[in-house]
Structure formats: C-alpha cells, structure tokens
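Peer 1: My file is structure_13.txt. It has compact mmCIF, N, CA and C atoms:
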# COMPACT_ATOMS: atom_id res chain seq x y z
N MET X 1 76.17 35.60 237.49
CA MET X 1 75.60 35.20 238.76
C MET X 1 74.22 35.82 238.89
N TYR X 2 73.28 35.06 239.40
CA TYR X 2 71.93 35.53 239.65
C TYR X 2 71.94 36.58 240.74
N THR X 3 71.20 37.65 240.53
CA THR X 3 70.98 38.62 241.60
C THR X 3 69.49 38.88 241.69
N PRO X 4 68.96 39.06 242.89
CA PRO X 4 67.52 39.28 243.04
C PRO X 4 67.06 40.56 242.35
N ALA X 5 67.96 41.53 242.23
CA ALA X 5 67.55 42.82 241.69
C ALA X 5 67.42 42.82 240.18
N ASP X 6 68.40 42.27 239.45
CA ASP X 6 68.40 42.56 238.02
C ASP X 6 68.38 41.36 237.08
N THR X 7 68.41 40.14 237.57
CA THR X 7 68.34 39.00 236.67
C THR X 7 66.92 38.87 236.14
N LEU X 8 66.78 38.93 234.83
CA LEU X 8 65.45 38.91 234.21
C LEU X 8 64.85 37.51 234.22
N PRO X 9 63.51 37.39 234.17
CA PRO X 9 62.88 36.08 234.12
C PRO X 9 63.41 35.27 232.92
N GLY X 10 63.78 34.02 233.18
CA GLY X 10 64.30 33.16 232.14
C GLY X 10 65.78 33.33 231.86
N MET X 11 66.38 34.40 232.36
CA MET X 11 67.79 34.68 232.11
C MET X 11 68.67 33.67 232.83
N LYS X 12 69.60 33.09 232.09
CA LYS X 12 70.52 32.11 232.66
C LYS X 12 71.73 32.82 233.26
N SER X 13 72.24 32.25 234.34
CA SER X 13 73.44 32.77 234.98
C SER X 13 74.18 31.61 235.62
N SER X 14 75.34 31.90 236.18
CA SER X 14 76.14 30.82 236.78
C SER X 14 75.41 30.18 237.97
N THR X 15 74.59 30.95 238.67
CA THR X 15 73.86 30.40 239.81
C THR X 15 72.41 30.05 239.50
N SER X 16 71.97 30.35 238.27
CA SER X 16 70.64 29.92 237.81
C SER X 16 70.79 29.40 236.38
N PRO X 17 71.44 28.22 236.22
CA PRO X 17 71.78 27.73 234.88
C PRO X 17 70.58 27.39 234.00
N TYR X 18 69.39 27.25 234.59
CA TYR X 18 68.20 26.95 233.79
C TYR X 18 67.34 28.20 233.57
N GLY X 19 67.83 29.32 234.04
CA GLY X 19 67.11 30.58 233.90
C GLY X 19 66.37 30.94 235.17
N ARG X 20 66.13 32.23 235.36
CA ARG X 20 65.41 32.69 236.55
C ARG X 20 63.97 32.22 236.48
N ASP X 21 63.55 31.50 237.50
CA ASP X 21 62.18 31.01 237.61
C ASP X 21 61.45 31.93 238.59
N VAL X 22 60.52 32.73 238.09
CA VAL X 22 59.85 33.71 238.96
C VAL X 22 59.00 33.03 240.03
N LYS X 23 58.53 31.80 239.78
CA LYS X 23 57.76 31.10 240.81
C LYS X 23 58.63 30.76 242.01
N MET X 24 59.89 30.47 241.75
CA MET X 24 60.80 30.11 242.83
C MET X 24 61.60 31.32 243.34
N MET X 25 62.03 32.21 242.43
CA MET X 25 62.95 33.29 242.78
C MET X 25 62.28 34.66 242.85
N GLY X 26 61.04 34.75 242.42
CA GLY X 26 60.36 36.04 242.41
C GLY X 26 60.76 36.88 241.20
N HIS X 27 60.09 38.00 241.06
CA HIS X 27 60.36 38.92 239.95
C HIS X 27 61.56 39.79 240.28
N PRO X 28 62.24 40.31 239.24
CA PRO X 28 63.34 41.25 239.49
C PRO X 28 62.84 42.50 240.21
N LEU X 29 63.69 43.08 241.02
CA LEU X 29 63.34 44.30 241.75
C LEU X 29 63.83 45.52 240.98
N LYS X 30 62.99 46.48 240.85
CA LYS X 30 63.40 47.75 240.22
C LYS X 30 63.85 48.69 241.34
N ILE X 31 65.06 48.41 241.82
CA ILE X 31 65.60 49.12 242.98
C ILE X 31 65.64 50.63 242.76
N THR X 32 66.05 51.06 241.58
CA THR X 32 66.21 52.50 241.34
C THR X 32 64.86 53.21 241.44
N GLU X 33 63.81 52.61 240.88
CA GLU X 33 62.48 53.21 241.01
C GLU X 33 62.02 53.22 242.46
N LEU X 34 62.32 52.13 243.20
CA LEU X 34 61.95 52.09 244.62
C LEU X 34 62.63 53.21 245.40
N VAL X 35 63.92 53.41 245.14
CA VAL X 35 64.66 54.48 245.82
C VAL X 35 64.08 55.85 245.46
N ALA X 36 63.69 56.03 244.20
CA ALA X 36 63.16 57.33 243.76
C ALA X 36 61.90 57.71 244.54
N TYR X 37 61.09 56.72 244.94
CA TYR X 37 59.86 57.02 245.66
C TYR X 37 60.06 57.27 247.15
N LEU X 38 61.27 57.02 247.64
CA LEU X 38 61.52 57.27 249.06
C LEU X 38 61.59 58.77 249.34
N PRO X 39 61.02 59.20 250.45
CA PRO X 39 61.17 60.61 250.82
C PRO X 39 62.65 60.89 251.09
N GLY X 40 63.09 62.05 250.71
CA GLY X 40 64.48 62.43 250.98
C GLY X 40 65.43 62.16 249.83
N THR X 41 64.94 61.58 248.73
CA THR X 41 65.81 61.44 247.57
C THR X 41 65.66 62.69 246.71
N TYR X 42 66.78 63.17 246.20
CA TYR X 42 66.80 64.42 245.44
C TYR X 42 67.07 64.19 243.96
N PHE X 43 67.97 63.25 243.66
CA PHE X 43 68.33 62.95 242.28
C PHE X 43 68.50 61.45 242.15
N VAL X 44 67.76 60.83 241.23
CA VAL X 44 67.83 59.38 241.00
C VAL X 44 67.89 59.15 239.50
N SER X 45 68.87 58.35 239.06
CA SER X 45 69.07 58.15 237.64
C SER X 45 69.58 56.73 237.37
N ARG X 46 69.24 56.21 236.18
CA ARG X 46 69.79 54.93 235.71
C ARG X 46 70.51 55.21 234.40
N GLN X 47 71.79 54.84 234.36
CA GLN X 47 72.61 55.08 233.18
C GLN X 47 73.34 53.79 232.81
N ALA X 48 73.99 53.79 231.65
CA ALA X 48 74.73 52.62 231.18
C ALA X 48 76.08 53.07 230.63
N VAL X 49 76.95 52.09 230.41
CA VAL X 49 78.31 52.39 229.95
C VAL X 49 78.71 51.54 228.75
N HIS X 50 77.76 51.19 227.91
CA HIS X 50 78.04 50.30 226.78
C HIS X 50 78.42 51.01 225.49
N THR X 51 78.29 52.32 225.45
CA THR X 51 78.71 53.11 224.28
C THR X 51 79.40 54.38 224.79
N PRO X 52 80.20 55.02 223.96
CA PRO X 52 80.82 56.29 224.39
C PRO X 52 79.78 57.35 224.77
N ALA X 53 78.68 57.42 224.04
CA ALA X 53 77.64 58.41 224.36
C ALA X 53 77.03 58.13 225.73
N ASN X 54 76.81 56.86 226.03
CA ASN X 54 76.25 56.51 227.33
C ASN X 54 77.26 56.74 228.46
N VAL X 55 78.53 56.54 228.20
CA VAL X 55 79.55 56.85 229.20
C VAL X 55 79.50 58.34 229.53
N ARG X 56 79.35 59.19 228.52
CA ARG X 56 79.25 60.64 228.76
C ARG X 56 78.02 60.97 229.61
N LYS X 57 76.89 60.34 229.32
CA LYS X 57 75.67 60.57 230.11
C LYS X 57 75.86 60.11 231.55
N THR X 58 76.54 58.99 231.72
CA THR X 58 76.81 58.47 233.06
C THR X 58 77.70 59.43 233.83
N LYS X 59 78.76 59.93 233.18
CA LYS X 59 79.64 60.90 233.83
C LYS X 59 78.87 62.16 234.23
N LYS X 60 77.96 62.59 233.38
CA LYS X 60 77.16 63.78 233.69
C LYS X 60 76.28 63.53 234.92
N ALA X 61 75.69 62.33 235.01
CA ALA X 61 74.85 62.00 236.16
C ALA X 61 75.68 61.93 237.45
N VAL X 62 76.87 61.33 237.37
CA VAL X 62 77.74 61.25 238.55
C VAL X 62 78.17 62.66 238.97
N ARG X 63 78.51 63.49 238.00
CA ARG X 63 78.88 64.87 238.31
C ARG X 63 77.72 65.60 239.00
N MET X 64 76.50 65.39 238.50
CA MET X 64 75.31 66.01 239.10
C MET X 64 75.15 65.57 240.56
N ALA X 65 75.36 64.29 240.82
CA ALA X 65 75.23 63.78 242.18
C ALA X 65 76.25 64.45 243.11
N PHE X 66 77.50 64.57 242.65
CA PHE X 66 78.52 65.24 243.47
C PHE X 66 78.19 66.72 243.65
N GLU X 67 77.73 67.39 242.59
CA GLU X 67 77.38 68.80 242.71
C GLU X 67 76.22 69.01 243.67
N ASN X 68 75.26 68.10 243.65
CA ASN X 68 74.15 68.20 244.60
C ASN X 68 74.65 68.16 246.03
N GLN X 69 75.60 67.27 246.29
CA GLN X 69 76.15 67.17 247.63
C GLN X 69 76.99 68.41 247.98
N LEU X 70 77.84 68.85 247.04
CA LEU X 70 78.66 70.03 247.30
C LEU X 70 77.83 71.28 247.52
N ASN X 71 76.70 71.37 246.81
CA ASN X 71 75.81 72.54 246.94
C ASN X 71 74.77 72.36 248.02
N LYS X 72 74.95 71.31 248.83
CA LYS X 72 74.09 71.04 249.98
C LYS X 72 72.60 70.95 249.61
N LYS X 73 72.33 70.29 248.49
CA LYS X 73 70.93 70.06 248.10
C LYS X 73 70.30 69.13 249.11
N PRO X 74 69.01 69.28 249.35
CA PRO X 74 68.36 68.55 250.44
C PRO X 74 67.97 67.11 250.08
N GLY X 75 68.89 66.20 250.15
CA GLY X 75 68.52 64.81 249.91
C GLY X 75 69.62 63.98 249.29
N LEU X 76 69.30 62.73 249.08
CA LEU X 76 70.21 61.73 248.56
C LEU X 76 70.22 61.72 247.04
N SER X 77 71.38 61.55 246.46
CA SER X 77 71.51 61.28 245.02
C SER X 77 71.87 59.81 244.86
N PHE X 78 71.19 59.13 243.93
CA PHE X 78 71.38 57.70 243.73
C PHE X 78 71.46 57.44 242.23
N ILE X 79 72.52 56.75 241.79
CA ILE X 79 72.69 56.44 240.37
C ILE X 79 72.93 54.95 240.23
N GLU X 80 72.12 54.31 239.39
CA GLU X 80 72.35 52.91 239.03
C GLU X 80 73.08 52.92 237.69
N ILE X 81 74.17 52.19 237.61
CA ILE X 81 74.92 52.10 236.36
C ILE X 81 74.78 50.67 235.83
N VAL X 82 74.13 50.54 234.68
CA VAL X 82 73.88 49.24 234.07
C VAL X 82 75.06 48.88 233.19
N SER X 83 75.56 47.67 233.39
CA SER X 83 76.69 47.19 232.61
C SER X 83 76.46 45.72 232.28
N ASN X 84 77.18 45.24 231.30
CA ASN X 84 77.03 43.83 230.95
C ASN X 84 77.99 42.98 231.77
N CYS X 85 77.84 41.67 231.61
CA CYS X 85 78.75 40.71 232.23
C CYS X 85 78.99 39.64 231.18
N ASN X 86 79.76 39.99 230.16
CA ASN X 86 79.90 39.09 229.02
C ASN X 86 80.47 37.73 229.40
N SER X 87 81.36 37.67 230.38
CA SER X 87 81.89 36.35 230.76
C SER X 87 80.83 35.54 231.50
N GLY X 88 80.07 36.19 232.39
CA GLY X 88 79.00 35.50 233.10
C GLY X 88 77.85 35.11 232.19
N TRP X 89 77.61 35.92 231.18
CA TRP X 89 76.53 35.63 230.23
C TRP X 89 77.01 34.69 229.12
N LYS X 90 78.32 34.41 229.12
CA LYS X 90 78.93 33.53 228.11
C LYS X 90 78.68 34.04 226.69
N MET X 91 78.97 35.32 226.50
CA MET X 91 78.82 36.00 225.21
C MET X 91 80.07 36.82 224.94
N THR X 92 80.24 37.21 223.68
CA THR X 92 81.30 38.16 223.36
C THR X 92 80.87 39.53 223.89
N PRO X 93 81.79 40.47 224.05
CA PRO X 93 81.40 41.81 224.48
C PRO X 93 80.35 42.44 223.56
N ILE X 94 80.49 42.28 222.26
CA ILE X 94 79.52 42.85 221.32
C ILE X 94 78.15 42.20 221.50
N GLN X 95 78.13 40.87 221.63
CA GLN X 95 76.87 40.16 221.83
C GLN X 95 76.21 40.58 223.14
N SER X 96 77.01 40.72 224.20
CA SER X 96 76.42 41.07 225.49
C SER X 96 75.89 42.50 225.49
N ASN X 97 76.57 43.41 224.80
CA ASN X 97 76.04 44.77 224.68
C ASN X 97 74.71 44.77 223.95
N GLN X 98 74.61 44.01 222.87
CA GLN X 98 73.36 43.96 222.12
C GLN X 98 72.26 43.29 222.93
N TRP X 99 72.61 42.23 223.66
CA TRP X 99 71.62 41.55 224.50
C TRP X 99 71.09 42.51 225.56
N MET X 100 71.97 43.31 226.13
CA MET X 100 71.57 44.28 227.13
C MET X 100 70.59 45.29 226.54
N VAL X 101 70.88 45.79 225.34
CA VAL X 101 70.00 46.75 224.67
C VAL X 101 68.64 46.11 224.38
N ASP X 102 68.66 44.89 223.86
CA ASP X 102 67.42 44.22 223.46
C ASP X 102 66.58 43.73 224.64
N ASN X 103 67.23 43.35 225.74
CA ASN X 103 66.51 42.69 226.83
C ASN X 103 66.46 43.48 228.13
N MET X 104 67.57 44.09 228.53
CA MET X 104 67.62 44.79 229.81
C MET X 104 66.94 46.17 229.75
N PHE X 105 67.25 46.92 228.70
CA PHE X 105 66.76 48.30 228.66
C PHE X 105 65.25 48.42 228.53
N PRO X 106 64.55 47.50 227.86
CA PRO X 106 63.09 47.59 227.89
C PRO X 106 62.53 47.43 229.32
N TYR X 107 63.18 46.61 230.13
CA TYR X 107 62.73 46.38 231.51
C TYR X 107 63.27 47.43 232.46
N TYR X 108 64.51 47.85 232.24
CA TYR X 108 65.18 48.86 233.05
C TYR X 108 65.54 50.05 232.17
N PRO X 109 64.59 50.92 231.86
CA PRO X 109 64.88 52.04 230.95
C PRO X 109 65.91 53.01 231.54
N LEU X 110 66.73 53.57 230.66
CA LEU X 110 67.77 54.50 231.07
C LEU X 110 67.20 55.90 231.20
N GLY X 111 67.85 56.69 232.04
CA GLY X 111 67.50 58.10 232.15
C GLY X 111 67.28 58.53 233.59
N ASP X 112 66.99 59.82 233.74
CA ASP X 112 66.72 60.38 235.06
C ASP X 112 65.31 60.00 235.49
N ILE X 113 65.18 59.61 236.75
CA ILE X 113 63.88 59.23 237.30
C ILE X 113 63.36 60.31 238.23
N LYS X 114 64.28 60.92 238.97
CA LYS X 114 63.91 62.00 239.89
C LYS X 114 64.98 63.08 239.80
N VAL X 115 64.56 64.32 239.61
CA VAL X 115 65.47 65.45 239.50
C VAL X 115 64.95 66.58 240.38
N ASP X 116 65.83 67.17 241.15
CA ASP X 116 65.46 68.26 242.06
C ASP X 116 64.32 67.87 242.99
N GLY X 117 64.32 66.60 243.40
CA GLY X 117 63.31 66.12 244.33
C GLY X 117 61.95 65.82 243.73
N THR X 118 61.81 65.92 242.41
CA THR X 118 60.54 65.68 241.74
C THR X 118 60.68 64.56 240.74
N MET X 119 59.73 63.63 240.75
CA MET X 119 59.73 62.55 239.76
C MET X 119 59.65 63.16 238.37
N VAL X 120 60.45 62.65 237.44
CA VAL X 120 60.53 63.20 236.10
C VAL X 120 59.17 63.14 235.40
N SER X 121 58.42 62.06 235.60
CA SER X 121 57.11 61.93 234.96
C SER X 121 56.10 62.93 235.49
N GLU X 122 56.39 63.51 236.67
CA GLU X 122 55.48 64.48 237.27
C GLU X 122 55.80 65.92 236.87
N LYS X 123 56.94 66.13 236.17
CA LYS X 123 57.33 67.50 235.80
C LYS X 123 56.47 68.02 234.69
Any chance you could give the structure as structure tokens?
Peer 2:
Amino acid sequence: MYTPADTLPGMKSSTSPYGRDVKMMGHPLKITELVAYLPGTYFVSRQAVHTPANVRKTKKAVRMAFENQLNKKPGLSFIEIVSNCNSGWKMTPIQSNQWMVDNMFPYYPLGDIKVDGTMVSEK
C-alpha cells in the first residue's frame, strides 16, 4: 500500500499500481529526520529488522529509548523501524529484503540520527 512517508518514487504498491508519481503524490517524507530536528527530541534512530544483526541493533535502540524514559532524560525518544512488505511488494521474503537494501536504505539510511539531544552529524 502506498504511504506518503516511505513509498519511493516509481515504487509500485497496491494503491499505486503504476508507481509513485511525485508530480501527483509528492516526494516521500523523511519523517525520522524531521522529528530529529524538533526541539525536545533526545534520541532519534532508524533501524531495520531484515537480518539478525539488524534485529540486535533495533533491540539496542528500543532499550535505549526505554532507559532514557526510565532515567528521566529530557525529551522524546523516537525510533523508526524499517521492514519489508513482501506480500504487498509481490516478492519473496529474500527478494524483498534485497530490494529494501538496494533501494530503501540509500534513501533512508540506518543508524542513530540524534543522541543525547545532539544531532549525530554535529558530534
């Protein structure tokens, strides 16, 4: 299914069978980056769950978000978890994982964006 946030230009879905047309639907929104720039965010990260190593990184990010709240850190923790939709993409699970690596991750890179209230690129 097409979503305004993450369907890539040209990407086909059940609600955009000819692919996302940016002239009609606009460009995808990088919600996680937008949230990171908001005042009051403390920890912002984008992770994936397509490999065991990435599942471990995702668990670590979720744990960090809970610890921030338990330790009363000043601000919001936000984690985007990128996953495939092999049935919606009409691919096998292996094909959809590879498509995600080849197409989604260049546009939506994985990793921490904001840590301890500071943008990672600014550290």
Peer 1: Going by DSSP on the backbone, which bits of chain X are strand (DSSP E or B)? Write them as a list in words, please.
Peer 2: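 Matching residues for strand (DSSP E or B) in chain X are Pro9, Arg20, Thr41, Tyr42, Phe43, Val44, Ser45, Arg46, Gln47, Ala48, Leu76, Ser77, Phe78, Ile79, Glu80, Ile81, Val82, Gly111, Asp112, Ile113, Lys114, Val115, Thr118 and Met119 of chain X.
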Peer 1: Which is closest to Tyr37 of chain X among X:Thr118, X:Asn84, X:Asn54, X:Thr92, if we use only C-alpha atoms?
Peer 2: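 Ranked by minimum distance to Tyr37 of chain X, first place goes to X:Thr118.
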Peer 1: Looking at X:Arg56, X:Lys73, X:Lys114, X:His50, which one is nearest to Asn97 of chain X, with distances taken over only C-alpha atoms?
Peer 2: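 Looking only at the distances to Asn97 of chain X, the closest residue turns out to be X:His50.
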Peer 1: So that I can check the secondary structure, give me every residue of segment 61-94 of chain X assigned alpha helix (DSSP H) by backbone DSSP, as number ranges by chain.
Peer 2: X: 61-70, 93-94
Peer 1: Generate a file of the selected residues that holds N, CA and C atoms, formatted as a PDB file, keeping the file's coordinate frame.
Peer 2:
ATOM      1  N   ALA X  61      75.690  62.330 235.010  1.00  0.00           N
ATOM      2  CA  ALA X  61      74.850  62.000 236.160  1.00  0.00           C
ATOM      3  C   ALA X  61      75.680  61.930 237.450  1.00  0.00           C
ATOM      4  N   VAL X  62      76.870  61.330 237.370  1.00  0.00           N
ATOM      5  CA  VAL X  62      77.740  61.250 238.550  1.00  0.00           C
ATOM      6  C   VAL X  62      78.170  62.660 238.970  1.00  0.00           C
ATOM      7  N   ARG X  63      78.510  63.490 238.000  1.00  0.00           N
ATOM      8  CA  ARG X  63      78.880  64.870 238.310  1.00  0.00           C
ATOM      9  C   ARG X  63      77.720  65.600 239.000  1.00  0.00           C
ATOM     10  N   MET X  64      76.500  65.390 238.500  1.00  0.00           N
ATOM     11  CA  MET X  64      75.310  66.010 239.100  1.00  0.00           C
ATOM     12  C   MET X  64      75.150  65.570 240.560  1.00  0.00           C
ATOM     13  N   ALA X  65      75.360  64.290 240.820  1.00  0.00           N
ATOM     14  CA  ALA X  65      75.230  63.780 242.180  1.00  0.00           C
ATOM     15  C   ALA X  65      76.250  64.450 243.110  1.00  0.00           C
ATOM     16  N   PHE X  66      77.500  64.570 242.650  1.00  0.00           N
ATOM     17  CA  PHE X  66      78.520  65.240 243.470  1.00  0.00           C
ATOM     18  C   PHE X  66      78.190  66.720 243.650  1.00  0.00           C
ATOM     19  N   GLU X  67      77.730  67.390 242.590  1.00  0.00           N
ATOM     20  CA  GLU X  67      77.380  68.800 242.710  1.00  0.00           C
ATOM     21  C   GLU X  67      76.220  69.010 243.670  1.00  0.00           C
ATOM     22  N   ASN X  68      75.260  68.100 243.650  1.00  0.00           N
ATOM     23  CA  ASN X  68      74.150  68.200 244.600  1.00  0.00           C
ATOM     24  C   ASN X  68      74.650  68.160 246.030  1.00  0.00           C
ATOM     25  N   GLN X  69      75.600  67.270 246.290  1.00  0.00           N
ATOM     26  CA  GLN X  69      76.150  67.170 247.630  1.00  0.00           C
ATOM     27  C   GLN X  69      76.990  68.410 247.980  1.00  0.00           C
ATOM     28  N   LEU X  70      77.840  68.850 247.040  1.00  0.00           N
ATOM     29  CA  LEU X  70      78.660  70.030 247.300  1.00  0.00           C
ATOM     30  C   LEU X  70      77.830  71.280 247.520  1.00  0.00           C
ATOM     31  N   PRO X  93      81.790  40.470 224.050  1.00  0.00           N
ATOM     32  CA  PRO X  93      81.400  41.810 224.480  1.00  0.00           C
ATOM     33  C   PRO X  93      80.350  42.440 223.560  1.00  0.00           C
ATOM     34  N   ILE X  94      80.490  42.280 222.260  1.00  0.00           N
ATOM     35  CA  ILE X  94      79.520  42.850 221.320  1.00  0.00           C
ATOM     36  C   ILE X  94      78.150  42.200 221.500  1.00  0.00           C
TER      37      ILE X  94
END
Peer 1: Please provide as a PDB file with N, CA and C atoms, in the coordinates of the input all residues within 6 Å of segment 110-113 of chain X, with the sequence filter that same-chain residues fewer than 3 positions apart are discarded (counting only N, CA and C atoms).
Peer 2:
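Dumped to part.pdb:
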ATOM      1  N   VAL X  44      67.760  60.830 241.230  1.00  0.00           N
ATOM      2  CA  VAL X  44      67.830  59.380 241.000  1.00  0.00           C
ATOM      3  C   VAL X  44      67.890  59.150 239.500  1.00  0.00           C
ATOM      4  N   SER X  45      68.870  58.350 239.060  1.00  0.00           N
ATOM      5  CA  SER X  45      69.070  58.150 237.640  1.00  0.00           C
ATOM      6  C   SER X  45      69.580  56.730 237.370  1.00  0.00           C
ATOM      7  N   ARG X  46      69.240  56.210 236.180  1.00  0.00           N
ATOM      8  CA  ARG X  46      69.790  54.930 235.710  1.00  0.00           C
ATOM      9  C   ARG X  46      70.510  55.210 234.400  1.00  0.00           C
ATOM     10  N   GLN X  47      71.790  54.840 234.360  1.00  0.00           N
ATOM     11  CA  GLN X  47      72.610  55.080 233.180  1.00  0.00           C
ATOM     12  C   GLN X  47      73.340  53.790 232.810  1.00  0.00           C
ATOM     13  N   PHE X 105      67.250  46.920 228.700  1.00  0.00           N
ATOM     14  CA  PHE X 105      66.760  48.300 228.660  1.00  0.00           C
ATOM     15  C   PHE X 105      65.250  48.420 228.530  1.00  0.00           C
ATOM     16  N   THR X 118      61.810  65.920 242.410  1.00  0.00           N
ATOM     17  CA  THR X 118      60.540  65.680 241.740  1.00  0.00           C
ATOM     18  C   THR X 118      60.680  64.560 240.740  1.00  0.00           C
ATOM     19  N   MET X 119      59.730  63.630 240.750  1.00  0.00           N
ATOM     20  CA  MET X 119      59.730  62.550 239.760  1.00  0.00           C
ATOM     21  C   MET X 119      59.650  63.160 238.370  1.00  0.00           C
ATOM     22  N   VAL X 120      60.450  62.650 237.440  1.00  0.00           N
ATOM     23  CA  VAL X 120      60.530  63.200 236.100  1.00  0.00           C
ATOM     24  C   VAL X 120      59.170  63.140 235.400  1.00  0.00           C
ATOM     25  N   SER X 121      58.420  62.060 235.600  1.00  0.00           N
ATOM     26  CA  SER X 121      57.110  61.930 234.960  1.00  0.00           C
ATOM     27  C   SER X 121      56.100  62.930 235.490  1.00  0.00           C
TER      28      SER X 121
END
Peer 1: When you draw a straight line from atom CA of Phe78 of chain X to atom C of Ala53 of chain X, how long is it in Å?
Peer 2: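 Between atom CA of Phe78 of chain X and atom C of Ala53 of chain X the gap is 18.9 Å.
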Peer 1: Do you have the atom CA of Ile94 of chain X-atom CA of Asp21 of chain X distance handy?
Peer 2: 26.6 Å
